[in-house]
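A.B. asks: Quick one: the structure is below, questions incoming.
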Amino acid sequence: MILMKNKIALVLFSIAVVPGVLLAAEPKVHVEPPNLHGPRQLQDQTATAVVRDYVESWQSLAAALRQNRADLLDQDFIGTAKDKLMDTIHQQVALGLHTRYQDRAHKIQIVFYSPDGLSIQLVDDVEYEERVVDHQKVLATQHTHTRYTVVMTPAETRWRVRIFQAEPE
Amino acid sequence: MKLRFACLIVATLFAALPLAYAQDGRMTLPKIVEAGNAFSIQSTGSGKGVLYIAGPGQVLKRDVQLGQPAYFETGSLYNAGRYLVVLVSGSSTDSGWFSVAPGSKPANLSFLARPSRLSIGLHNGISGTLYIFDVFHNLITKPTPVSFKLSIPSGAVQQRTVTAHLGEATTEMDSGTKEGFAQFEAQVDGISSTRVVEQVPGSPCGLKMSAQPAGNQIHLQTDPVRDCSGNAVPDGTIVTFTENYNGTRSTADVPLKHGIAQVELPAHPGATITVASGVVLGNEIRWQK
């Protein structure tokens, strides 16, 4: 886990130095400067933590949906986002399905920081691969590019995803 | 012989055609479906197939008859997002994507007003953040007008209209000049959410005490303690009396009771007595008797 965090930190750091850099086996992460429309200023440390925790949440999501284990969502998801993902896992279990998600690239921009500091909204142009597996048989693998709207809220030690929604194409 | 051979080839082709068609099983997908709305997916070919619709928000699996539309009734697919659709028929597979858009009508509001308690007279002291959802708790991301209204105890109303951006709207309001409970309301398309914000008096303003002899003591008493808007400062607020005499200092911390603070300190001719509450200083008395 610590190794994973270090890798993400390294990716973020590398991006600050050389935009668009790609580390093998990790998603390419590009962070745009914040475009805030709220009155509250966003500190660099907060922005870095939010992006780090959001990118990590994709790994939790992928692991939870691949293994059909709702408990793997606990660290990174809360509220509506967690409820919906848990429902999906229950549906997958009932149907004998698994889905495998692999995020390939993120282009993230923070667009709102609430005045009370209790929510941060970001948009992510994400490229990912989805694979549908029925009783261990891979049915299809497809690559897509879509835009997610995400709301994150602070928990004890990290930011958690509260709203996680792809925009219609 | 040649004719027989040609007939055989043609017959074989015709016989194989339905099988090839059944294995074809191509889909025509809608581009966007509104969350919770009925929709259908058309396929080609004949025979049976299995249709999968999978996204992080929802997963469906359904047996379908190829060549006929597969109908999904109202409420089948209700979580907004991007979905991978896979049609499996025999050994052939077709796949594609479509989107589910949030409903257009707001049904649920998540409204956070902060703080729940604050002093009067603070510019932009109250903030409200609103997230707008449809009936399925999808964030409605299209621009949506939001009306914020703060009704303060004096009867004055502050109102702001803002446009929600990506499902979120925020505003800031000033606290009023009168203590009491303010109603902070957010309204979108006929539905509203209200929070209560308590406005409490500010710091004491014009703190003043008077002194009277009481035997070998001085009886000190403040005037009714009020903030700068005339609101009574709550009982329990600490008022500090300090007496300086001949290089020594005596201090008494007294809570307000019925709006005033009173105490008795030793009467030393030439003593200087001051009164304060928090960072607010009141008047000073030099005791001469």
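A note on labels: chains of the structure tokens are A, B, ... as shown, every chain counts residues from 1, and ligands are counted from 1 in their shown order.
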Restrict the distance test to only C-alpha atoms, flag each residue of chain B within 10 Å of chain A, and return the flagged residues as number ranges by chain.

C.D. replies: B: 31-34, 52-62, 79-88, 92-102, 112-115, 126-131, 137-141, 165-172

A.B. asks: What lies within 12 Å of His123 (chain B) using only C-alpha atoms, ignoring chain neighbours under 2 positions off, as a PDB file with C-alpha atoms, in the first residue's frame?

C.D. replies:
ATOM      1  CA  LEU B 118     -22.327  32.457  14.427  1.00  0.00           C
ATOM      2  CA  SER B 119     -22.156  36.020  15.648  1.00  0.00           C
ATOM      3  CA  ILE B 120     -24.302  38.709  14.174  1.00  0.00           C
ATOM      4  CA  GLY B 121     -22.969  41.234  11.709  1.00  0.00           C
ATOM      5  CA  GLY B 125     -20.248  34.713   7.428  1.00  0.00           C
ATOM      6  CA  ILE B 126     -22.750  32.079   6.305  1.00  0.00           C
ATOM      7  CA  SER B 127     -22.010  29.766   3.416  1.00  0.00           C
ATOM      8  CA  GLU B 172     -22.335  33.315   0.925  1.00  0.00           C
ATOM      9  CA  MET B 173     -24.607  35.491   3.055  1.00  0.00           C
ATOM     10  CA  ASP B 174     -24.118  38.088   5.778  1.00  0.00           C
ATOM     11  CA  SER B 175     -25.375  37.337   9.265  1.00  0.00           C
ATOM     12  CA  GLY B 176     -28.025  39.815  10.401  1.00  0.00           C
ATOM     13  CA  THR B 177     -28.011  42.394  13.150  1.00  0.00           C
TER      14      THR B 177
END

A.B. asks: By how many Å are CA of Asp189 (chain B) and CA of Met152 (chain A) apart?

C.D. replies: 25.6 Å

A.B. asks: Extract the full set of strand (DSSP E or B) residues from region 57-269 of chain B according to DSSP on the backbone, and format it as an NGL selection string.

C.D. replies: :B and (58-65 or 70-72 or 81-89 or 92-101 or 108-114 or 117-119 or 126-133 or 139 or 144-151 or 157-165 or 168-173 or 180-188 or 191-200 or 204 or 209-214 or 217-222 or 226-227 or 232 or 238-245 or 248-255 or 257 or 260 or 262-266)

A.B. asks: Could you tell me how far CA of Thr251 (chain B) lies from CA of Val263 (chain B), in Å and to one decimal?

C.D. replies: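 CA of Thr251 (chain B) sits 10.5 Å away from CA of Val263 (chain B).
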
A.B. asks: Assign secondary structure with DSSP using the backbone only, and return the residues of chain A in helix (DSSP H, G or I) as a VMD selection string.

C.D. replies: chain A and resid 2 to 17 44 to 67 70 to 73 79 to 95

A.B. asks: Selected residues, C-alpha atoms, written as an mmCIF file, in the first residue's frame, please.

C.D. replies:
data_model
loop_
_atom_site.group_PDB
_atom_site.id
_atom_site.type_symbol
_atom_site.label_atom_id
_atom_site.label_comp_id
_atom_site.auth_asym_id
_atom_site.auth_seq_id
_atom_site.Cartn_x
_atom_site.Cartn_y
_atom_site.Cartn_z
ATOM 1 C CA ILE A 2 2.818 2.339 0.961
ATOM 2 C CA LEU A 3 4.606 1.381 -2.244
ATOM 3 C CA MET A 4 1.463 2.179 -4.240
ATOM 4 C CA LYS A 5 1.177 5.613 -2.601
ATOM 5 C CA ASN A 6 4.813 6.291 -3.325
ATOM 6 C CA LYS A 7 4.316 5.391 -6.964
ATOM 7 C CA ILE A 8 1.384 7.756 -7.273
ATOM 8 C CA ALA A 9 3.314 10.479 -5.492
ATOM 9 C CA LEU A 10 6.133 9.878 -7.918
ATOM 10 C CA VAL A 11 3.768 10.128 -10.864
ATOM 11 C CA LEU A 12 2.368 13.401 -9.571
ATOM 12 C CA PHE A 13 5.836 14.722 -8.905
ATOM 13 C CA SER A 14 7.018 13.678 -12.349
ATOM 14 C CA ILE A 15 4.058 15.423 -13.905
ATOM 15 C CA ALA A 16 5.024 18.642 -12.169
ATOM 16 C CA VAL A 17 8.466 18.371 -13.730
ATOM 17 C CA ASP A 44 -1.217 23.025 -3.121
ATOM 18 C CA GLN A 45 -1.007 20.379 -0.390
ATOM 19 C CA THR A 46 -4.757 19.921 -0.426
ATOM 20 C CA ALA A 47 -4.871 19.672 -4.212
ATOM 21 C CA THR A 48 -2.078 17.102 -4.229
ATOM 22 C CA ALA A 49 -3.791 14.999 -1.564
ATOM 23 C CA VAL A 50 -7.122 15.100 -3.378
ATOM 24 C CA VAL A 51 -5.620 14.028 -6.698
ATOM 25 C CA ARG A 52 -3.550 11.295 -5.054
ATOM 26 C CA ASP A 53 -6.564 9.892 -3.180
ATOM 27 C CA TYR A 54 -8.774 10.097 -6.259
ATOM 28 C CA VAL A 55 -6.302 8.238 -8.481
ATOM 29 C CA GLU A 56 -5.930 5.594 -5.785
ATOM 30 C CA SER A 57 -9.702 5.226 -5.644
ATOM 31 C CA TRP A 58 -9.617 3.801 -9.185
ATOM 32 C CA GLN A 59 -7.477 0.963 -7.917
ATOM 33 C CA SER A 60 -9.958 0.258 -5.110
ATOM 34 C CA LEU A 61 -12.820 0.393 -7.591
ATOM 35 C CA ALA A 62 -11.065 -1.997 -9.973
ATOM 36 C CA ALA A 63 -10.162 -4.448 -7.225
ATOM 37 C CA ALA A 64 -13.651 -4.384 -5.713
ATOM 38 C CA LEU A 65 -15.409 -4.992 -9.035
ATOM 39 C CA ARG A 66 -12.895 -7.594 -10.158
ATOM 40 C CA GLN A 67 -13.119 -9.585 -6.921
ATOM 41 C CA ALA A 70 -17.564 -4.495 -1.398
ATOM 42 C CA ASP A 71 -15.212 -4.136 1.579
ATOM 43 C CA LEU A 72 -12.446 -2.990 -0.765
ATOM 44 C CA LEU A 73 -14.418 0.205 -1.338
ATOM 45 C CA GLY A 79 -22.028 8.016 0.506
ATOM 46 C CA THR A 80 -23.793 7.760 -2.837
ATOM 47 C CA ALA A 81 -20.706 6.630 -4.763
ATOM 48 C CA LYS A 82 -20.089 3.765 -2.369
ATOM 49 C CA ASP A 83 -23.751 2.754 -2.275
ATOM 50 C CA LYS A 84 -23.944 2.551 -6.062
ATOM 51 C CA LEU A 85 -20.722 0.584 -6.414
ATOM 52 C CA MET A 86 -21.849 -1.809 -3.686
ATOM 53 C CA ASP A 87 -25.135 -2.339 -5.533
ATOM 54 C CA THR A 88 -23.172 -3.129 -8.693
ATOM 55 C CA ILE A 89 -21.108 -5.704 -6.841
ATOM 56 C CA HIS A 90 -24.257 -7.327 -5.485
ATOM 57 C CA GLN A 91 -25.698 -7.438 -9.014
ATOM 58 C CA GLN A 92 -22.494 -8.961 -10.358
ATOM 59 C CA VAL A 93 -22.546 -11.642 -7.666
ATOM 60 C CA ALA A 94 -26.171 -12.462 -8.425
ATOM 61 C CA LEU A 95 -25.439 -12.757 -12.157
#

A.B. asks: Can you measure CA of Pro204 (chain B) to CA of Ala252 (chain B) for me? One decimal in Å is fine.

C.D. replies: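 Pair CA of Pro204 (chain B) / CA of Ala252 (chain B) returns 17.8 Å.
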
A.B. asks: Nearest to Gly230 (chain B): which of B:Arg160, B:His258, B:Lys178, B:Lys149 is it, counting only C-alpha atoms?

C.D. replies: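 For Gly230 (chain B), the nearest of the candidates is B:Lys178.
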
A.B. asks: Excluding region 222-226 of chain B and residues on its chain fewer than 4 positions from it, collect all residues at most 7 Å away from it, counting only C-alpha atoms, and give them as a ChimeraX atom specification.

C.D. replies: /B:204-205,207-210,230-233,259-262

A.B. asks: Take the residues from that selection and write them out as a PDB file, in the first residue's frame, keeping N, CA and C atoms.

C.D. replies:
ATOM      1  N   PRO B 204     -19.353  42.201  23.517  1.00  0.00           N
ATOM      2  CA  PRO B 204     -19.909  43.381  24.201  1.00  0.00           C
ATOM      3  C   PRO B 204     -19.397  44.669  23.570  1.00  0.00           C
ATOM      4  N   CYS B 205     -20.221  45.662  23.630  1.00  0.00           N
ATOM      5  CA  CYS B 205     -19.880  46.945  23.014  1.00  0.00           C
ATOM      6  C   CYS B 205     -20.165  48.028  24.054  1.00  0.00           C
ATOM      7  N   LEU B 207     -18.771  48.538  27.036  1.00  0.00           N
ATOM      8  CA  LEU B 207     -18.861  47.938  28.379  1.00  0.00           C
ATOM      9  C   LEU B 207     -18.600  49.010  29.438  1.00  0.00           C
ATOM     10  N   LYS B 208     -19.547  49.125  30.374  1.00  0.00           N
ATOM     11  CA  LYS B 208     -19.430  50.204  31.360  1.00  0.00           C
ATOM     12  C   LYS B 208     -19.829  49.693  32.734  1.00  0.00           C
ATOM     13  N   MET B 209     -19.031  50.105  33.781  1.00  0.00           N
ATOM     14  CA  MET B 209     -19.374  49.718  35.161  1.00  0.00           C
ATOM     15  C   MET B 209     -19.475  50.970  36.017  1.00  0.00           C
ATOM     16  N   SER B 210     -20.138  50.772  37.148  1.00  0.00           N
ATOM     17  CA  SER B 210     -20.202  51.842  38.142  1.00  0.00           C
ATOM     18  C   SER B 210     -19.790  51.246  39.492  1.00  0.00           C
ATOM     19  N   GLY B 230     -27.092  46.247  19.953  1.00  0.00           N
ATOM     20  CA  GLY B 230     -28.098  46.365  21.002  1.00  0.00           C
ATOM     21  C   GLY B 230     -28.654  45.044  21.494  1.00  0.00           C
ATOM     22  N   ASN B 231     -28.119  43.937  21.003  1.00  0.00           N
ATOM     23  CA  ASN B 231     -28.569  42.626  21.492  1.00  0.00           C
ATOM     24  C   ASN B 231     -27.916  42.325  22.830  1.00  0.00           C
ATOM     25  N   ALA B 232     -28.710  41.760  23.749  1.00  0.00           N
ATOM     26  CA  ALA B 232     -28.154  41.405  25.058  1.00  0.00           C
ATOM     27  C   ALA B 232     -27.138  40.290  24.900  1.00  0.00           C
ATOM     28  N   VAL B 233     -25.975  40.500  25.491  1.00  0.00           N
ATOM     29  CA  VAL B 233     -24.952  39.444  25.469  1.00  0.00           C
ATOM     30  C   VAL B 233     -25.423  38.328  26.409  1.00  0.00           C
ATOM     31  N   GLY B 259     -28.051  39.718  32.495  1.00  0.00           N
ATOM     32  CA  GLY B 259     -27.503  40.758  31.628  1.00  0.00           C
ATOM     33  C   GLY B 259     -26.467  41.654  32.273  1.00  0.00           C
ATOM     34  N   ILE B 260     -26.234  41.479  33.586  1.00  0.00           N
ATOM     35  CA  ILE B 260     -25.226  42.329  34.236  1.00  0.00           C
ATOM     36  C   ILE B 260     -24.237  41.457  35.017  1.00  0.00           C
ATOM     37  N   ALA B 261     -23.097  42.054  35.352  1.00  0.00           N
ATOM     38  CA  ALA B 261     -22.108  41.379  36.197  1.00  0.00           C
ATOM     39  C   ALA B 261     -21.847  42.274  37.394  1.00  0.00           C
ATOM     40  N   GLN B 262     -21.753  41.678  38.579  1.00  0.00           N
ATOM     41  CA  GLN B 262     -21.464  42.467  39.765  1.00  0.00           C
ATOM     42  C   GLN B 262     -20.568  41.687  40.713  1.00  0.00           C
TER      43      GLN B 262
END
